[in-house]
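Report on the following structure.
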2 protein chains.
Amino acid sequence: MDLQSILSGITNTNGKFAAQAQERLDNLTKPQGSLGRLEEFAKQLVAISENTMPDLDKKVVFTFAGDHGVAEEGVSAFPKEVTPQMVLNFIHGGAGINALAGHAGADVVVVDIGVDYDFGGLKKDGFVSKKIISGTKNMRRGPAMTREEAEQCILVGIELANEYAKKGYKIFGTGDMGIANTTPSSAITNVMTGKSVEDITGRGTGINDDAWKNKVAVIKDSIKVNNPDTSDPIDVLAKLGGAEIAGIAGLIIGAAANKVPVVVDGFISTAGALIAYLIEPKTRDYMFAAHMSQEIGHKSILEKIGLRPILDLDMRLGEGTGAALAMLVIESGLKIYKEMATFAEAAVAEKSN
Amino acid sequence: MDLQSILSGITNTNGKFAAQAQERLDNLTKPQGSLGRLEEFAKQLVAISENTMPDLDKKVVFTFAGDHGVAEEGVSAFPKEVTPQMVLNFIHGGAGINALAGHAGADVVVVDIGVDYDFGGLKKDGFVSKKIISGTKNMRRGPAMTREEAEQCILVGIELANEYAKKGYKIFGTGDMGIANTTPSSAITNVMTGKSVEDITGRGTGINDDAWKNKVAVIKDSIKVNNPDTSDPIDVLAKLGGAEIAGIAGLIIGAAANKVPVVVDGFISTAGALIAYLIEPKTRDYMFAAHMSQEIGHKSILEKIGLRPILDLDMRLGEGTGAALAMLVIESGLKIYKEMATFAEAAVAEKSN
């Protein structure tokens, strides 16, 4: 599979379908536009799927897991062992993403793309082994990944998108697990938005003031040591990223190539979405921004891509939890679009002035 | 049934239950607080129900319908006939509230509390005839209702709360239908918040500039003619309100009396919630504010009560549509609270710094 040929097949969504959806929305028994963003969601789903009566009967959230060499710099409140422990928690159904995906009627697929732990040929429903690396290298000392590794991780995401589109899934969600992964996400945000490291570095899982100051210093050092080429998103991704961030970028590219809507979770996922967007801006048409994370760098990336978040609930867990919950809201737009009666059908008088 | 005795039975929610819920939340496999408001929702549901493992298996949205004499002043974009037409649309399942309540797994109960139309003994599932008046009087010329009528409408709401609590419903939503009902809602907002009429009067179903100026003038005249006693919420409700606003206030009082959470929809519903809150401030503990409406007066009432909206999706339809959608989000808080594993159960390491 060749990344360039996949990218060249991505198109903007079809305006004719959006216009048809708008016409139907304007004839439903409500003041025009009064269901606000729910109407936009319906229109975008129609435009993406090129189907005036789309459905979302099969949903899936992909939780990409990877470790980070930079964890050894003390940037996280949790020890690195938590990454594989949480992967097992996902598989056993005990994590936040399991509860919220269940609520949304979505399957969870946990992808080991870069965990520094040997799961030993583990075979479980909802677990996919696609390990490209056993954790990134410590980016304070040099590149987190090679360019080839970053590209391989992107291809993992694209392959999953192809596979699950073929299986009939109608909407994808992104998610992440990786102790220390707000650190590379903040580094990417800094170099791609130009916002200061202090302004886009948050508390992650909950570090104290001293640990936060150290995290800022680690990010600054990492950028200095690696000096990434900001005109080359894959160079930035390789040097300052992570396997799960690259996998998420690939999933989004693959979603766009397959004309499948993709719900982008919080800070780490949106860092992946930014890489996808900078590689191919047309991917934006296929994205929904699930929510506004409490991680302070998130807002800057959403603005850079030009996405407005759907929910704002002070969440900062990752895993795809925001994406799962937002799927329910996006689906509500489709429900009103498909199920409401028109003025004529319901014999309701229309606007008079 | 005596309003005073019902009010005297309302208590604040139980802090001991909230503390027990917090303890469980803090032991779940996530950084503490990282599920943000979802955790608050779970805690509030536990505190309201006084049950550490509550459920929301039975949900209902009450859509109170009433007409408004002030419609003859040209304050709405739609003719008055639309109120009964939409009631029939609700009953036939073609409206926004039907689609969204269906999505949330909630029943819809349409309450004719003040529609100026004879439904002729209509018997249908989900339709309740509790007509107290056939529309309010034109409040530009005098009181919209008598004090007795307003109190009877409140009692209708309380009786419904009692009945549906007894039937085993675990969460209520409020909704409204009534052509011209943003006009009384803005009048109530003005006298109760002190914000200028211009600042809290919106476009309702979509009026143009001239119609908006007229609406502002009508509201100012109505307040002048009626000179309500702002220290007496029932006087304000009677003179400037509507039957459906009073019914919603009653439902909320009844929810609090029965220790049932109530999701308050948009502008009209929140005007009803403000009346309930001013009659008995403890009712606030039982309220969830569904969303931030595009009707510009909504924010001021939410602030006055001290409620933070859950969703912000540019909606302005009413009917209970925001309440239905918010129920799904509130329920997501309960799902994580009940279904997630603790650190000990999942053998995940806890925070180290």
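All residue names refer to the structure tokens as shown: chains lettered A, B, ... in order, residues numbered from 1 in each chain, ligands numbered from 1 in order.
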Discussion item. With 7 Å as the limit and counting only C-alpha atoms, what residues in chain B lie close to chain A? Please list them as a PyMOL selection string.
Written reply: chain B and resi 29-31+34-37+77-79+82+85-86+89+94-96+99-100+103+205-207+311+313-317+332+335-336+339-341+346+348-353
Item to complete: Determine, counting only C-alpha atoms, which protein, DNA and RNA residues have an atom within 10 Å of an atom of Val110 of chain B; residues of the same chain fewer than 6 positions away are not included. Present the result as a list in words.
Response: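 Non-adjacent residues within range: Val61, Phe62, Thr63, Phe64, Ala65, Val87, Leu88, Phe90, Ile91, Lys124, Asp125, Gly126, Phe127, Val128, Ser129, Gly175, Asp176, Met177 and Glu319 of chain B.
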Using all heavy atoms, can you export the residues from the last selection as a compact mmCIF listing (two decimals), in the first residue's frame?
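out-v7.txt was written with the following content:
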# COMPACT_ATOMS: atom_id res chain seq x y z
N VAL B 61 -40.30 12.50 28.99
CA VAL B 61 -40.31 13.94 28.73
C VAL B 61 -41.77 14.39 28.67
O VAL B 61 -42.57 13.80 27.93
CB VAL B 61 -39.61 14.29 27.41
CG1 VAL B 61 -39.71 15.80 27.13
CG2 VAL B 61 -38.14 13.85 27.44
N PHE B 62 -42.11 15.40 29.46
CA PHE B 62 -43.46 15.97 29.45
C PHE B 62 -43.45 17.23 28.58
O PHE B 62 -42.73 18.18 28.89
CB PHE B 62 -43.89 16.36 30.87
CG PHE B 62 -44.02 15.19 31.80
CD1 PHE B 62 -42.95 14.80 32.60
CD2 PHE B 62 -45.20 14.47 31.88
CE1 PHE B 62 -43.06 13.73 33.48
CE2 PHE B 62 -45.32 13.38 32.74
CZ PHE B 62 -44.25 13.00 33.55
N THR B 63 -44.24 17.23 27.53
CA THR B 63 -44.34 18.41 26.69
C THR B 63 -45.67 19.09 26.99
O THR B 63 -46.74 18.59 26.61
CB THR B 63 -44.24 18.04 25.21
OG1 THR B 63 -43.04 17.28 25.01
CG2 THR B 63 -44.19 19.27 24.33
N PHE B 64 -45.58 20.19 27.73
CA PHE B 64 -46.78 20.93 28.14
C PHE B 64 -47.16 21.91 27.03
O PHE B 64 -46.32 22.68 26.57
CB PHE B 64 -46.50 21.72 29.42
CG PHE B 64 -46.34 20.88 30.64
CD1 PHE B 64 -45.11 20.34 30.99
CD2 PHE B 64 -47.44 20.61 31.47
CE1 PHE B 64 -44.96 19.57 32.14
CE2 PHE B 64 -47.29 19.84 32.62
CZ PHE B 64 -46.06 19.31 32.95
N ALA B 65 -48.43 21.87 26.62
CA ALA B 65 -48.87 22.72 25.51
C ALA B 65 -49.92 23.72 25.98
O ALA B 65 -50.85 23.37 26.70
CB ALA B 65 -49.43 21.86 24.39
N VAL B 87 -49.40 19.58 18.55
CA VAL B 87 -49.81 18.57 19.53
C VAL B 87 -50.15 17.27 18.80
O VAL B 87 -49.72 16.17 19.20
CB VAL B 87 -51.01 19.07 20.38
CG1 VAL B 87 -51.65 17.92 21.16
CG2 VAL B 87 -50.55 20.17 21.34
N LEU B 88 -50.89 17.39 17.70
CA LEU B 88 -51.24 16.19 16.93
C LEU B 88 -49.99 15.57 16.30
O LEU B 88 -49.85 14.35 16.25
CB LEU B 88 -52.29 16.54 15.86
CG LEU B 88 -53.64 16.97 16.47
CD1 LEU B 88 -54.57 17.53 15.40
CD2 LEU B 88 -54.31 15.81 17.21
N PHE B 90 -47.02 15.63 17.62
CA PHE B 90 -46.35 14.91 18.72
C PHE B 90 -47.00 13.53 18.91
O PHE B 90 -46.31 12.52 19.07
CB PHE B 90 -46.49 15.65 20.06
CG PHE B 90 -45.87 17.02 20.11
CD1 PHE B 90 -46.43 18.02 20.90
CD2 PHE B 90 -44.72 17.32 19.39
CE1 PHE B 90 -45.86 19.28 20.98
CE2 PHE B 90 -44.15 18.58 19.47
CZ PHE B 90 -44.72 19.57 20.26
N ILE B 91 -48.34 13.54 18.91
CA ILE B 91 -49.07 12.29 19.17
C ILE B 91 -48.81 11.27 18.05
O ILE B 91 -48.73 10.07 18.30
CB ILE B 91 -50.58 12.59 19.32
CG1 ILE B 91 -50.81 13.42 20.59
CG2 ILE B 91 -51.40 11.31 19.36
CD1 ILE B 91 -52.21 14.00 20.71
N LYS B 124 -55.30 8.91 23.37
CA LYS B 124 -54.13 8.37 22.66
C LYS B 124 -53.04 8.13 23.69
O LYS B 124 -52.90 8.91 24.64
CB LYS B 124 -53.61 9.40 21.64
CG LYS B 124 -54.33 9.39 20.31
CD LYS B 124 -53.73 8.33 19.38
CE LYS B 124 -54.23 8.53 17.96
NZ LYS B 124 -53.69 7.46 17.08
N ASP B 125 -52.28 7.10 23.49
CA ASP B 125 -51.10 6.89 24.33
C ASP B 125 -50.21 8.12 24.25
O ASP B 125 -49.94 8.63 23.16
CB ASP B 125 -50.28 5.70 23.81
CG ASP B 125 -50.71 4.40 24.48
OD1 ASP B 125 -51.67 4.44 25.28
OD2 ASP B 125 -50.10 3.36 24.17
N GLY B 126 -49.76 8.56 25.39
CA GLY B 126 -48.84 9.69 25.38
C GLY B 126 -49.53 11.04 25.31
O GLY B 126 -48.86 12.06 25.20
N PHE B 127 -50.86 11.05 25.36
CA PHE B 127 -51.58 12.34 25.40
C PHE B 127 -52.39 12.41 26.68
O PHE B 127 -53.11 11.47 27.02
CB PHE B 127 -52.51 12.47 24.19
CG PHE B 127 -53.36 13.72 24.22
CD1 PHE B 127 -52.80 14.97 23.96
CD2 PHE B 127 -54.72 13.65 24.53
CE1 PHE B 127 -53.58 16.12 24.00
CE2 PHE B 127 -55.50 14.81 24.57
CZ PHE B 127 -54.93 16.04 24.30
N VAL B 128 -52.24 13.52 27.39
CA VAL B 128 -52.95 13.70 28.65
C VAL B 128 -53.72 15.00 28.58
O VAL B 128 -53.15 16.05 28.30
CB VAL B 128 -51.95 13.75 29.84
CG1 VAL B 128 -52.67 14.07 31.13
CG2 VAL B 128 -51.18 12.45 29.96
N SER B 129 -55.02 14.95 28.81
CA SER B 129 -55.82 16.17 28.80
C SER B 129 -55.97 16.68 30.22
O SER B 129 -56.58 16.03 31.07
CB SER B 129 -57.20 15.87 28.20
OG SER B 129 -57.95 17.06 28.21
N GLY B 175 -40.71 20.01 28.69
CA GLY B 175 -40.78 20.54 27.34
C GLY B 175 -42.00 21.41 27.19
O GLY B 175 -42.90 21.39 28.05
N ASP B 176 -42.05 22.17 26.12
CA ASP B 176 -43.15 23.12 25.93
C ASP B 176 -43.57 23.17 24.48
O ASP B 176 -42.76 22.92 23.57
CB ASP B 176 -42.69 24.53 26.30
CG ASP B 176 -41.72 25.05 25.26
OD1 ASP B 176 -40.54 24.60 25.26
OD2 ASP B 176 -42.12 25.84 24.38
N MET B 177 -44.83 23.51 24.25
CA MET B 177 -45.30 23.90 22.92
C MET B 177 -46.33 24.97 23.12
O MET B 177 -47.26 24.80 23.90
CB MET B 177 -45.95 22.68 22.21
CG MET B 177 -46.50 23.03 20.82
SD MET B 177 -45.16 23.41 19.66
CE MET B 177 -45.84 24.84 18.80
N GLU B 319 -40.00 22.03 22.97
CA GLU B 319 -40.69 20.73 22.95
C GLU B 319 -40.13 19.74 23.98
O GLU B 319 -40.71 18.70 24.22
CB GLU B 319 -40.62 20.04 21.57
CG GLU B 319 -41.19 20.84 20.43
CD GLU B 319 -41.05 20.11 19.08
OE1 GLU B 319 -40.51 18.98 19.03
OE2 GLU B 319 -41.49 20.70 18.07
Item to complete: Could you please write out, as number ranges by chain, every residue of segment 155-225 of chain A that DSSP assigns to strand (DSSP E)?
Response: A: 171-177
Item to complete: Name all residues at most 10 Å from segment 146-160 of chain A (count only C-alpha atoms; drop same-chain ones fewer than 4 positions away) and give them as a ChimeraX atom specification.
Response: /A:1-3,6,62,64,109,111,113-114,128,130-133,136-137,164-166,234-239,241-258,272,276
Discussion item. So that I can check the surroundings of Val60 of chain A, please list as a ChimeraX atom specification every protein, DNA and RNA residue that reaches within 7 Å of it, counting only C-alpha atoms and ignoring chain neighbours fewer than 4 positions away.
Written reply: /A:106-108,169,171-173
Worksheet entry | Shell of 12 Å around Gly194 of chain A, only C-alpha atoms, local chain residues under 6 positions omitted, as a PyMOL selection string | chain A and resi 186-188+200+230+297+300-301+304
Worksheet item: Please, what distance in Å, to one decimal, runs between atom CA of Thr11 of chain A and atom CA of Asp285 of chain A?
Response: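 Answer for the atom CA of Thr11 of chain A to atom CA of Asp285 of chain A separation: 9.0 Å.
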Practice prompt. Name the residues in contact with Gly135 of chain B at a cut-off of 6 Å, using only C-alpha atoms, excluding same-chain residues fewer than 2 positions from it; report them as a list in words.
Written response: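 The neighbour list is Gly66, Asp67, His68, Gly114, Val115, Asp116 and Ile133 of chain B.
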Worksheet entry | Those of segment 97-336 of chain B in DSSP helix (DSSP H, G or I), formatted as a ChimeraX atom specification | /B:97-104,147-166,182-193,197-200,209-226,233-240,243-257,267-279,281-286,298-305,321-336
Discussion item. Report as a list of chain:residue names all protein, DNA and RNA residues lying within 10 Å of Ala217 of chain A, evaluated on only C-alpha atoms, omitting residues in the same chain fewer than 5 positions from it.
Written reply: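 With the cut-off at 10 Å, the set is A:Val75, A:Arg140, A:Val197, A:Glu198, A:Ala211, A:Trp212, A:Ser222.
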